[in-house]
$ cat structure-v2.json   # JSON, C-alpha atoms
[["chain", "number", "residue", "atom", "x", "y", "z"],
["A", 8, "MET", "CA", -63.21, -14.38, -26.45],
["A", 9, "SER", "CA", -63.11, -15.78, -22.95],
["A", 10, "THR", "CA", -66.32, -16.56, -21.10],
["A", 11, "HIS", "CA", -67.04, -15.74, -17.45],
["A", 12, "SER", "CA", -66.35, -19.32, -16.33],
["A", 13, "GLU", "CA", -62.90, -19.13, -17.93],
["A", 14, "VAL", "CA", -62.22, -15.93, -16.04],
["A", 15, "VAL", "CA", -63.27, -17.56, -12.73],
["A", 16, "GLU", "CA", -60.97, -20.50, -13.50],
["A", 17, "HIS", "CA", -58.15, -18.08, -14.22],
["A", 18, "ALA", "CA", -58.74, -16.28, -10.91],
["A", 19, "ALA", "CA", -58.87, -19.63, -9.13],
["A", 20, "GLY", "CA", -55.39, -20.26, -10.59],
["A", 21, "ALA", "CA", -54.04, -17.73, -8.09],
["A", 22, "THR", "CA", -53.04, -19.89, -5.14],
["A", 23, "ALA", "CA", -53.44, -19.40, -1.41],
["A", 24, "ILE", "CA", -49.67, -18.76, -1.28],
["A", 25, "THR", "CA", -50.09, -15.78, -3.64],
["A", 26, "PHE", "CA", -52.81, -14.30, -1.42],
["A", 27, "SER", "CA", -50.69, -14.90, 1.71],
["A", 28, "LYS", "CA", -47.73, -13.12, 0.09],
["A", 29, "VAL", "CA", -49.94, -10.14, -0.75],
["A", 30, "TRP", "CA", -51.24, -10.09, 2.85],
["A", 31, "ILE", "CA", -47.67, -10.09, 4.23],
["A", 32, "CYS", "CA", -46.78, -7.26, 1.81],
["A", 33, "LEU", "CA", -49.77, -5.24, 3.05],
["A", 34, "LEU", "CA", -48.80, -5.80, 6.69],
["A", 35, "GLY", "CA", -45.23, -4.72, 5.90],
["A", 36, "LEU", "CA", -46.40, -1.52, 4.22],
["A", 37, "THR", "CA", -48.66, -0.79, 7.23],
["A", 38, "GLY", "CA", -45.64, -1.20, 9.51],
["A", 39, "ILE", "CA", -43.64, 1.26, 7.39],
["A", 40, "GLU", "CA", -46.54, 3.76, 7.60],
["A", 41, "VAL", "CA", -46.63, 3.55, 11.42],
["A", 42, "LEU", "CA", -42.84, 4.03, 11.65],
["A", 43, "LEU", "CA", -43.03, 6.95, 9.23],
["A", 44, "ALA", "CA", -45.68, 8.67, 11.39],
["A", 45, "TYR", "CA", -43.11, 9.07, 14.18],
["A", 46, "GLU", "CA", -40.48, 10.68, 11.94],
["A", 47, "GLN", "CA", -40.41, 14.45, 12.29],
["A", 48, "VAL", "CA", -40.85, 15.43, 8.63],
["A", 49, "PRO", "CA", -42.75, 18.40, 7.11],
["A", 50, "LEU", "CA", -46.53, 17.93, 6.85],
["A", 51, "MET", "CA", -46.75, 17.83, 3.04],
["A", 52, "ILE", "CA", -43.89, 15.31, 2.73],
["A", 53, "MET", "CA", -45.58, 13.12, 5.33],
["A", 54, "LEU", "CA", -48.93, 13.44, 3.50],
["A", 55, "THR", "CA", -47.35, 12.54, 0.14],
["A", 56, "ALA", "CA", -45.46, 9.53, 1.57],
["A", 57, "LEU", "CA", -48.47, 8.15, 3.44],
["A", 58, "LEU", "CA", -50.76, 8.66, 0.43],
["A", 59, "GLY", "CA", -48.22, 6.97, -1.87],
["A", 60, "LEU", "CA", -48.00, 3.92, 0.39],
["A", 61, "SER", "CA", -51.81, 3.81, 0.68],
["A", 62, "VAL", "CA", -52.17, 3.87, -3.11],
["A", 63, "ILE", "CA", -49.77, 0.89, -3.39],
["A", 64, "LYS", "CA", -51.79, -0.99, -0.75],
["A", 65, "ALA", "CA", -55.05, -0.14, -2.52],
["A", 66, "ALA", "CA", -53.63, -1.36, -5.85],
["A", 67, "LEU", "CA", -52.59, -4.68, -4.27],
["A", 68, "ILE", "CA", -56.05, -5.18, -2.74],
["A", 69, "ILE", "CA", -57.87, -4.32, -5.97],
["A", 70, "ALA", "CA", -55.58, -6.43, -8.17],
["A", 71, "TYR", "CA", -55.33, -9.60, -6.08],
["A", 72, "PHE", "CA", -58.06, -9.69, -3.42],
["A", 73, "MET", "CA", -60.73, -8.16, -5.67],
["A", 74, "HIS", "CA", -59.43, -10.20, -8.63],
["A", 75, "LEU", "CA", -59.35, -7.22, -11.00],
["A", 76, "LYS", "CA", -55.99, -8.50, -12.30],
["A", 77, "PHE", "CA", -57.82, -11.56, -13.60],
["A", 78, "GLU", "CA", -60.74, -9.66, -15.15],
["A", 79, "ARG", "CA", -60.91, -8.29, -18.65],
["A", 80, "LEU", "CA", -59.07, -5.09, -19.45],
["A", 81, "SER", "CA", -62.36, -3.62, -20.74],
["A", 82, "LEU", "CA", -63.89, -3.87, -17.23],
["A", 83, "PHE", "CA", -60.90, -2.11, -15.68],
["A", 84, "LEU", "CA", -60.85, 0.62, -18.35],
["A", 85, "THR", "CA", -64.58, 1.24, -17.95],
["A", 86, "LEU", "CA", -64.55, 1.56, -14.17],
["A", 87, "TRP", "CA", -61.29, 2.95, -12.85],
["A", 88, "PRO", "CA", -59.64, 5.64, -15.02],
["A", 89, "PHE", "CA", -62.70, 7.90, -14.71],
["A", 90, "THR", "CA", -63.14, 7.24, -10.99],
["A", 91, "VAL", "CA", -59.47, 8.01, -10.35],
["A", 92, "PHE", "CA", -59.73, 11.13, -12.57],
["A", 93, "CYS", "CA", -62.68, 12.41, -10.49],
["A", 94, "ILE", "CA", -60.75, 11.79, -7.26],
["A", 95, "ILE", "CA", -57.69, 13.62, -8.62],
["A", 96, "LEU", "CA", -59.93, 16.58, -9.57],
["A", 97, "MET", "CA", -60.76, 17.01, -5.87],
["A", 98, "LEU", "CA", -57.04, 17.61, -5.19],
["A", 99, "ILE", "CA", -57.22, 20.88, -7.13],
["A", 100, "PHE", "CA", -58.50, 22.53, -3.94],
["A", 101, "LEU", "CA", -55.63, 21.24, -1.78],
["A", 102, "GLY", "CA", -53.49, 24.23, -2.81],
["A", 103, "ASP", "CA", -55.98, 26.51, -1.04],
["A", 104, "ALA", "CA", -55.59, 24.48, 2.15],
["A", 105, "MET", "CA", -51.83, 25.05, 2.08],
["A", 106, "ARG", "CA", -52.20, 28.81, 1.46],
["A", 107, "MET", "CA", -54.83, 29.38, 4.17],
["A", 108, "PRO", "CA", -52.54, 29.26, 7.25],
["A", 109, "GLY", "CA", -50.41, 32.06, 5.71],
["A", 110, "MET", "CA", -53.49, 34.18, 4.96],
["A", 111, "ARG", "CA", -54.64, 34.40, 8.59],
["A", 112, "PRO", "CA", -54.28, 37.92, 10.04],
["A", 113, "PRO", "CA", -51.85, 38.09, 12.98],
["A", 114, "LEU", "CA", -53.56, 38.08, 16.39],
["B", 8, "MET", "CA", -81.31, -15.08, -35.88],
["B", 9, "SER", "CA", -78.57, -13.75, -38.12],
["B", 10, "SER", "CA", -78.52, -10.44, -36.22],
["B", 11, "GLN", "CA", -78.02, -12.34, -32.91],
["B", 12, "VAL", "CA", -75.03, -14.17, -34.36],
["B", 13, "THR", "CA", -73.60, -10.87, -35.56],
["B", 14, "THR", "CA", -73.99, -9.34, -32.08],
["B", 15, "ALA", "CA", -72.34, -12.28, -30.36],
["B", 16, "GLN", "CA", -69.41, -12.19, -32.73],
["B", 17, "ALA", "CA", -68.91, -8.45, -32.48],
["B", 18, "SER", "CA", -65.75, -7.20, -30.80],
["B", 19, "VAL", "CA", -65.74, -6.34, -27.13],
["B", 20, "TRP", "CA", -65.92, -2.58, -27.74],
["B", 21, "GLU", "CA", -68.72, -2.95, -30.28],
["B", 22, "GLY", "CA", -71.07, -4.27, -27.58],
["B", 23, "GLY", "CA", -70.71, -8.01, -27.95],
["B", 24, "ARG", "CA", -73.03, -10.27, -25.96],
["B", 25, "SER", "CA", -70.95, -9.96, -22.79],
["B", 26, "PRO", "CA", -68.33, -7.25, -23.27],
["B", 27, "TYR", "CA", -67.00, -7.52, -19.69],
["B", 28, "ALA", "CA", -67.30, -11.32, -19.45],
["B", 29, "THR", "CA", -68.86, -10.90, -16.03],
["B", 30, "ASN", "CA", -72.31, -11.42, -14.55],
["B", 31, "SER", "CA", -74.68, -8.56, -13.81],
["B", 32, "LYS", "CA", -74.43, -8.92, -9.98],
["B", 33, "LYS", "CA", -70.68, -8.51, -10.05],
["B", 34, "PHE", "CA", -70.81, -5.63, -12.50],
["B", 35, "GLY", "CA", -73.46, -3.96, -10.33],
["B", 36, "MET", "CA", -71.23, -4.31, -7.28],
["B", 37, "TRP", "CA", -68.29, -2.81, -9.19],
["B", 38, "LEU", "CA", -70.46, 0.19, -10.12],
["B", 39, "PHE", "CA", -71.54, 0.59, -6.47],
["B", 40, "ILE", "CA", -67.89, 0.44, -5.39],
["B", 41, "ALA", "CA", -66.91, 3.11, -7.93],
["B", 42, "SER", "CA", -69.67, 5.44, -6.69],
["B", 43, "ASP", "CA", -69.02, 4.73, -2.99],
["B", 44, "SER", "CA", -65.31, 5.36, -3.46],
["B", 45, "LEU", "CA", -66.19, 8.88, -4.63],
["B", 46, "THR", "CA", -68.27, 9.41, -1.46],
["B", 47, "PHE", "CA", -65.39, 8.34, 0.77],
["B", 48, "SER", "CA", -62.91, 10.33, -1.31],
["B", 49, "ALA", "CA", -64.96, 13.48, -0.75],
["B", 50, "LEU", "CA", -65.09, 12.87, 3.01],
["B", 51, "LEU", "CA", -61.37, 12.04, 3.19],
["B", 52, "PHE", "CA", -60.59, 15.12, 1.15],
["B", 53, "ALA", "CA", -62.72, 17.29, 3.49],
["B", 54, "TYR", "CA", -60.79, 15.90, 6.47],
["B", 55, "THR", "CA", -57.39, 16.36, 4.81],
["B", 56, "PHE", "CA", -58.28, 19.90, 3.67],
["B", 57, "SER", "CA", -59.26, 20.88, 7.23],
["B", 58, "ARG", "CA", -56.15, 19.15, 8.63],
["B", 59, "VAL", "CA", -53.72, 20.96, 6.31],
["B", 60, "ALA", "CA", -55.48, 24.34, 6.55],
["B", 61, "ASN", "CA", -55.45, 24.38, 10.38],
["B", 62, "PRO", "CA", -52.02, 24.74, 12.00],
["B", 63, "ASN", "CA", -53.72, 24.15, 15.38],
["B", 64, "TRP", "CA", -55.32, 20.88, 14.31],
["B", 65, "PRO", "CA", -55.71, 18.58, 17.34],
["B", 66, "ARG", "CA", -53.31, 15.63, 17.68],
["B", 67, "PRO", "CA", -55.18, 13.45, 20.17],
["B", 68, "PHE", "CA", -53.97, 10.07, 18.87],
["B", 69, "HIS", "CA", -51.35, 9.00, 21.39],
["B", 70, "PHE", "CA", -49.35, 5.82, 20.89],
["B", 71, "SER", "CA", -51.35, 4.11, 23.62],
["B", 72, "PRO", "CA", -54.19, 3.39, 23.17],
["B", 73, "SER", "CA", -55.10, 5.13, 19.86],
["B", 74, "ILE", "CA", -52.24, 4.10, 17.54],
["B", 75, "ILE", "CA", -51.97, 0.61, 19.06],
["B", 76, "PHE", "CA", -55.73, 0.08, 18.68],
["B", 77, "SER", "CA", -55.88, 1.47, 15.15],
["B", 78, "THR", "CA", -52.89, -0.67, 14.07],
["B", 79, "ILE", "CA", -54.58, -3.78, 15.48],
["B", 80, "MET", "CA", -57.79, -2.72, 13.69],
["B", 81, "THR", "CA", -55.80, -2.48, 10.44],
["B", 82, "PHE", "CA", -54.41, -5.97, 11.10],
["B", 83, "CYS", "CA", -57.98, -7.26, 11.71],
["B", 84, "LEU", "CA", -59.28, -5.82, 8.43],
["B", 85, "LEU", "CA", -56.28, -7.01, 6.38],
["B", 86, "SER", "CA", -56.64, -10.49, 7.89],
["B", 87, "SER", "CA", -60.37, -10.45, 7.18],
["B", 88, "SER", "CA", -59.60, -9.69, 3.53],
["B", 89, "LEU", "CA", -57.28, -12.71, 3.41],
["B", 90, "THR", "CA", -59.92, -14.99, 4.95],
["B", 91, "MET", "CA", -62.55, -13.59, 2.55],
["B", 92, "VAL", "CA", -60.42, -14.27, -0.51],
["B", 93, "MET", "CA", -59.84, -17.80, 0.84],
["B", 94, "ALA", "CA", -63.63, -18.20, 1.11],
["B", 95, "VAL", "CA", -64.05, -17.18, -2.53],
["B", 96, "HIS", "CA", -61.21, -19.56, -3.47],
["B", 97, "ALA", "CA", -62.87, -22.46, -1.59],
["B", 98, "MET", "CA", -66.25, -21.70, -3.14],
["B", 99, "ASN", "CA", -64.75, -21.63, -6.64],
["B", 100, "HIS", "CA", -63.50, -25.16, -5.91],
["B", 101, "GLY", "CA", -66.99, -26.21, -4.76],
["B", 102, "ASN", "CA", -66.08, -26.58, -1.07],
["B", 103, "ARG", "CA", -69.08, -24.99, 0.65],
["B", 104, "LYS", "CA", -68.27, -25.91, 4.26],
["B", 105, "LYS", "CA", -64.74, -24.59, 3.99],
["B", 106, "ALA", "CA", -66.03, -21.41, 2.37],
["B", 107, "ALA", "CA", -68.51, -20.94, 5.24],
["B", 108, "SER", "CA", -65.69, -21.42, 7.79],
["B", 109, "TRP", "CA", -63.56, -18.78, 6.08],
["B", 110, "ILE", "CA", -66.51, -16.38, 6.00],
["B", 111, "PHE", "CA", -67.07, -16.96, 9.74],
["B", 112, "ALA", "CA", -63.42, -16.03, 10.31],
["B", 113, "THR", "CA", -63.97, -12.89, 8.20],
["B", 114, "MET", "CA", -67.00, -11.92, 10.26],
["B", 115, "GLY", "CA", -65.00, -12.50, 13.47],
["B", 116, "CYS", "CA", -62.26, -10.14, 12.30],
["B", 117, "GLY", "CA", -64.91, -7.60, 11.27],
["B", 118, "ALA", "CA", -66.58, -7.83, 14.68],
["B", 119, "ALA", "CA", -63.20, -7.38, 16.40],
["B", 120, "PHE", "CA", -62.65, -4.27, 14.28],
["B", 121, "VAL", "CA", -66.00, -2.78, 15.34],
["B", 122, "VAL", "CA", -65.39, -3.52, 19.05],
["B", 123, "LEU", "CA", -61.91, -1.93, 18.93],
["B", 124, "HIS", "CA", -63.23, 1.04, 17.00],
["B", 125, "LEU", "CA", -66.00, 1.65, 19.53],
["B", 126, "SER", "CA", -63.40, 1.41, 22.35],
["B", 127, "GLU", "CA", -61.32, 4.00, 20.52],
["B", 128, "TRP", "CA", -64.35, 6.25, 20.15],
["B", 129, "MET", "CA", -65.19, 5.89, 23.85],
["B", 130, "ASN", "CA", -61.58, 6.76, 24.74],
["B", 131, "LEU", "CA", -61.81, 9.97, 22.68],
["B", 132, "ILE", "CA", -65.21, 10.90, 24.09],
["B", 133, "ARG", "CA", -64.48, 10.12, 27.78],
["B", 134, "ASN", "CA", -60.78, 10.91, 28.16],
["B", 135, "GLU", "CA", -60.16, 13.54, 25.48],
["B", 136, "HIS", "CA", -63.68, 15.06, 25.69],
["B", 137, "VAL", "CA", -64.14, 15.06, 21.91],
["B", 138, "THR", "CA", -67.71, 15.18, 20.54],
["B", 139, "PRO", "CA", -68.95, 15.74, 16.97],
["B", 140, "SER", "CA", -69.53, 19.44, 17.75],
["B", 141, "SER", "CA", -66.86, 20.40, 20.28],
["B", 142, "ASN", "CA", -63.47, 19.55, 21.78],
["B", 143, "PRO", "CA", -61.03, 21.12, 24.26],
["B", 144, "TRP", "CA", -58.75, 22.44, 21.48],
["B", 145, "GLY", "CA", -61.39, 24.74, 19.99],
["B", 146, "VAL", "CA", -61.41, 23.14, 16.53],
["B", 147, "PRO", "CA", -64.97, 21.76, 16.23],
["B", 148, "LEU", "CA", -64.33, 20.64, 12.64],
["B", 149, "PHE", "CA", -62.10, 17.88, 14.02],
["B", 150, "GLY", "CA", -64.92, 16.03, 15.78],
["B", 151, "ALA", "CA", -67.38, 16.56, 12.93],
["B", 152, "THR", "CA", -65.06, 15.24, 10.22],
["B", 153, "PHE", "CA", -63.55, 12.46, 12.38],
["B", 154, "PHE", "CA", -66.85, 10.99, 13.59],
["B", 155, "GLY", "CA", -68.51, 11.51, 10.18],
["B", 156, "LEU", "CA", -65.78, 9.70, 8.29],
["B", 157, "THR", "CA", -65.06, 6.86, 10.71],
["B", 158, "GLY", "CA", -68.78, 6.50, 11.53],
["B", 159, "LEU", "CA", -69.68, 6.01, 7.87],
["B", 160, "HIS", "CA", -66.88, 3.46, 7.53],
["B", 161, "MET", "CA", -67.99, 1.57, 10.65],
["B", 162, "THR", "CA", -71.54, 1.51, 9.28],
["B", 163, "HIS", "CA", -70.18, -0.13, 6.14],
["B", 164, "VAL", "CA", -68.38, -2.75, 8.27],
["B", 165, "VAL", "CA", -71.56, -3.54, 10.23],
["B", 166, "ILE", "CA", -73.58, -3.81, 6.99],
["B", 167, "GLY", "CA", -70.82, -6.08, 5.63],
["B", 168, "ILE", "CA", -71.10, -8.41, 8.65],
["B", 169, "ILE", "CA", -74.89, -8.62, 8.17],
["B", 170, "TYR", "CA", -74.41, -9.24, 4.42],
["B", 171, "LEU", "CA", -71.89, -12.02, 5.09],
["B", 172, "THR", "CA", -74.25, -13.63, 7.64],
["B", 173, "ILE", "CA", -76.94, -13.84, 4.96],
["B", 174, "ILE", "CA", -74.45, -15.20, 2.41],
["B", 175, "THR", "CA", -73.16, -17.85, 4.86],
["B", 176, "GLN", "CA", -76.68, -19.08, 5.59],
["B", 177, "GLY", "CA", -77.38, -19.18, 1.87],
["B", 178, "ILE", "CA", -74.31, -21.21, 0.93],
["B", 179, "LEU", "CA", -74.83, -23.70, 3.77],
["B", 180, "ARG", "CA", -78.38, -24.27, 2.48],
["B", 181, "GLY", "CA", -77.09, -24.62, -1.08],
["B", 182, "LYS", "CA", -78.96, -21.49, -2.14],
["B", 183, "PHE", "CA", -76.09, -19.25, -3.25],
["B", 184, "LYS", "CA", -73.40, -19.90, -5.85],
["B", 185, "ALA", "CA", -69.71, -19.04, -6.06],
["B", 186, "GLU", "CA", -70.46, -15.78, -7.84],
["B", 187, "ASP", "CA", -72.61, -14.60, -4.89],
["B", 188, "VAL", "CA", -69.71, -15.18, -2.50],
["B", 189, "GLU", "CA", -67.40, -13.36, -4.91],
["B", 190, "VAL", "CA", -69.75, -10.35, -5.04],
["B", 191, "SER", "CA", -69.95, -10.19, -1.22],
["B", 192, "GLY", "CA", -66.16, -10.48, -1.18],
["B", 193, "LEU", "CA", -65.88, -7.45, -3.46],
["B", 194, "TYR", "CA", -67.90, -5.41, -0.95],
["B", 195, "TRP", "CA", -65.80, -6.60, 1.99],
["B", 196, "HIS", "CA", -62.50, -5.85, 0.25],
["B", 197, "PHE", "CA", -63.77, -2.38, -0.57],
["B", 198, "VAL", "CA", -64.42, -1.73, 3.14],
["B", 199, "ASP", "CA", -60.82, -2.85, 3.80],
["B", 200, "LEU", "CA", -59.58, -0.66, 0.95],
["B", 201, "VAL", "CA", -61.21, 2.47, 2.40],
["B", 202, "TRP", "CA", -59.58, 1.84, 5.80],
["B", 203, "MET", "CA", -56.18, 1.76, 4.07],
["B", 204, "PHE", "CA", -56.70, 5.50, 3.46],
["B", 205, "ILE", "CA", -58.50, 6.41, 6.71],
["B", 206, "PHE", "CA", -55.79, 4.88, 8.93],
["B", 207, "PRO", "CA", -52.85, 6.98, 7.61],
["B", 208, "LEU", "CA", -54.75, 10.16, 6.80],
["B", 209, "VAL", "CA", -56.78, 10.38, 10.01],
["B", 210, "TYR", "CA", -54.72, 8.58, 12.64],
["B", 211, "LEU", "CA", -51.09, 8.66, 11.48],
["B", 212, "MET", "CA", -51.23, 12.27, 10.25],
["B", 213, "SER", "CA", -52.31, 13.40, 13.74],
["B", 214, "VAL", "CA", -50.24, 11.27, 16.11],
["B", 215, "GLY", "CA", -49.80, 12.86, 19.50],
["B", 216, "VAL", "CA", -46.21, 13.94, 20.11],
["B", 217, "SER", "CA", -45.63, 13.94, 23.87]]

$ encode --input "structure-v2.json" --output "structure tokens"
Amino acid sequence: MSTHSEVVEHAAGATAITFSKVWICLLGLTGIEVLLAYEQVPLMIMLTALLGLSVIKAALIIAYFMHLKFERLSLFLTLWPFTVFCIILMLIFLGDAMRMPGMRPPL
Amino acid sequence: MSSQVTTAQASVWEGGRSPYATNSKKFGMWLFIASDSLTFSALLFAYTFSRVANPNWPRPFHFSPSIIFSTIMTFCLLSSSLTMVMAVHAMNHGNRKKAASWIFATMGCGAAFVVLHLSEWMNLIRNEHVTPSSNPWGVPLFGATFFGLTGLHMTHVVIGIIYLTIITQGILRGKFKAEDVEVSGLYWHFVDLVWMFIFPLVYLMSVGVS
């Protein structure tokens, strides 16, 4: 069983180069998002693409900058699956948002 | 005595002495982050719901200045996360002065973010005539959700800068340890993390097409 100090040492094993690479990756993904915003694609495709890229960016930040990659699996399993599940539950209502424009009576 | 030994030797999922191998401050911050992420998710969802449900949703974010400013703001926050992780790295190696310098850089990036964000707000209020309750396009929900969401995020950034000021003073006086810097870093990265969703969903989804 590893102690907290061992975990900190493990996290410290990630070098400044690793963090710089992650930062460059995040900047690159942001650039792709900005370029994508000026492509004339349907709203839902745009929403899905931007959300997908944001989730990748969030995962990189949580894993490397917040050191969750170097923490115990038990900490990750306790905190995140349920939080993500609650967030996904909110998406149930998104179908209503897509139907609503078609339900408006003609002026 | 024997019961203590049994507890310490128990497996992680049987409630050993330290099942997460982390200190209580850090675990507390993780719990706060989990709860705050639900708050921001609800606000982001409210904004996205209104955006998708309204075909006449305003698109006031023109390339200049809105998209340029918000992209620079994203750069500021991403860079501040890099400097913050460097501060934690330096503190783990016992280099207090270097850690303080990195935290100062983080605070500088955070302050730049707030200044740019306020400029962006002023542009919307003065030039586009958007307020929390009204706007020229007749969709009052836009102002309410936009200012509510970005205002709450900016409040978090300002609180983060104050928090980091306290931490910097503490580490320069030898009061705080590496774990305190790490906990403040978790908060700061979370603020960055939230912006990674606000920027595309609020700004990029409503770019002005001229």

$ closest_residue --input "structure-v2.json" --among "B:Ala94, B:Leu211, B:Val190, B:Ile178" --to "B:Gly35" --atoms "all atoms listed in the file"
B:Val190

$ interface_residues --input "structure-v2.json" --of "chain B" --to "chain A" --cutoff "6 Å" --atoms "all atoms listed in the file" --output "list in words"
Tyr27, Ala28, Thr29, Phe56, Val59, Ala60, Val92, Leu193, Leu200, Met203, Phe204 and Leu211 of chain B

$ atom_distance --input "structure-v2.json" --atom1 "atom CA of B:Ala106" --atom2 "atom CA of B:Ser77"
28.1 Å

$ atom_distance --input "structure-v2.json" --atom1 "atom CA of B:Met98" --atom2 "atom CA of B:Ile79"
28.4 Å

$ atom_distance --input "structure-v2.json" --atom1 "atom CA of B:Thr157" --atom2 "atom CA of B:Gly192"
21.1 Å

$ residues_around --input "structure-v2.json" --residues "B:Glu189" --least-positions-apart "4" --cutoff "8 Å" --atoms "all atoms listed in the file" --output "PyMOL selection string"
chain B and resi 33+95+185+193

$ closest_residue --input "structure-v2.json" --among "A:Thr25, A:Arg111, A:Gly59, A:Ile52" --to "A:Ile39" --atoms "all atoms listed in the file"
A:Gly59

$ closest_residue --input "structure-v2.json" --among "B:Thr55, B:Ser44, B:Ser126, B:Ser71" --to "B:Tyr194" --atoms "only C-alpha atoms"
B:Ser44

$ closest_residue --input "structure-v2.json" --among "B:Ser48, B:Asn63, B:Ser31, B:Ser42" --to "B:Val146" --atoms "all atoms listed in the file"
B:Asn63

$ build_atoms --input "structure-v2.json" --residues "stretch 61-81 of chain A" --atoms "N, CA and C atoms" --output "short mmCIF file (atom, residue, chain, number, x, y, z; two decimals), keeping the file's coordinate frame"
data_model
loop_
_atom_site.label_atom_id
_atom_site.label_comp_id
_atom_site.auth_asym_id
_atom_site.auth_seq_id
_atom_site.Cartn_x
_atom_site.Cartn_y
_atom_site.Cartn_z
N SER A 61 -50.40 4.25 0.68
CA SER A 61 -51.81 3.81 0.68
C SER A 61 -52.26 3.43 -0.73
N VAL A 62 -51.80 4.19 -1.72
CA VAL A 62 -52.17 3.87 -3.11
C VAL A 62 -51.61 2.50 -3.51
N ILE A 63 -50.36 2.21 -3.09
CA ILE A 63 -49.77 0.89 -3.39
C ILE A 63 -50.59 -0.21 -2.73
N LYS A 64 -50.98 0.01 -1.46
CA LYS A 64 -51.79 -0.99 -0.75
C LYS A 64 -53.14 -1.18 -1.44
N ALA A 65 -53.75 -0.06 -1.84
CA ALA A 65 -55.05 -0.14 -2.52
C ALA A 65 -54.92 -0.92 -3.83
N ALA A 66 -53.83 -0.67 -4.57
CA ALA A 66 -53.63 -1.36 -5.85
C ALA A 66 -53.48 -2.87 -5.62
N LEU A 67 -52.76 -3.25 -4.57
CA LEU A 67 -52.59 -4.68 -4.27
C LEU A 67 -53.93 -5.32 -3.93
N ILE A 68 -54.74 -4.63 -3.13
CA ILE A 68 -56.05 -5.18 -2.74
C ILE A 68 -56.95 -5.33 -3.96
N ILE A 69 -56.99 -4.28 -4.80
CA ILE A 69 -57.87 -4.32 -5.97
C ILE A 69 -57.40 -5.41 -6.95
N ALA A 70 -56.10 -5.48 -7.17
CA ALA A 70 -55.58 -6.43 -8.17
C ALA A 70 -55.74 -7.88 -7.73
N TYR A 71 -55.35 -8.18 -6.50
CA TYR A 71 -55.33 -9.60 -6.08
C TYR A 71 -56.57 -10.01 -5.30
N PHE A 72 -56.91 -9.27 -4.23
CA PHE A 72 -58.06 -9.69 -3.42
C PHE A 72 -59.38 -9.50 -4.17
N MET A 73 -59.48 -8.41 -4.93
CA MET A 73 -60.73 -8.16 -5.67
C MET A 73 -60.67 -8.76 -7.07
N HIS A 74 -59.58 -9.45 -7.38
CA HIS A 74 -59.43 -10.20 -8.63
C HIS A 74 -59.46 -9.36 -9.90
N LEU A 75 -59.26 -8.04 -9.78
CA LEU A 75 -59.35 -7.22 -11.00
C LEU A 75 -58.22 -7.57 -11.98
N LYS A 76 -57.11 -8.09 -11.45
CA LYS A 76 -55.99 -8.50 -12.30
C LYS A 76 -56.42 -9.63 -13.25
N PHE A 77 -57.40 -10.40 -12.81
CA PHE A 77 -57.82 -11.56 -13.60
C PHE A 77 -59.06 -11.26 -14.44
N GLU A 78 -59.57 -10.04 -14.34
CA GLU A 78 -60.74 -9.66 -15.15
C GLU A 78 -60.27 -9.12 -16.49
N ARG A 79 -61.24 -8.86 -17.34
CA ARG A 79 -60.91 -8.29 -18.65
C ARG A 79 -60.43 -6.85 -18.52
N LEU A 80 -59.58 -6.47 -19.43
CA LEU A 80 -59.07 -5.09 -19.45
C LEU A 80 -60.22 -4.10 -19.67
N SER A 81 -61.23 -4.52 -20.45
CA SER A 81 -62.36 -3.62 -20.74
C SER A 81 -63.10 -3.23 -19.45
#
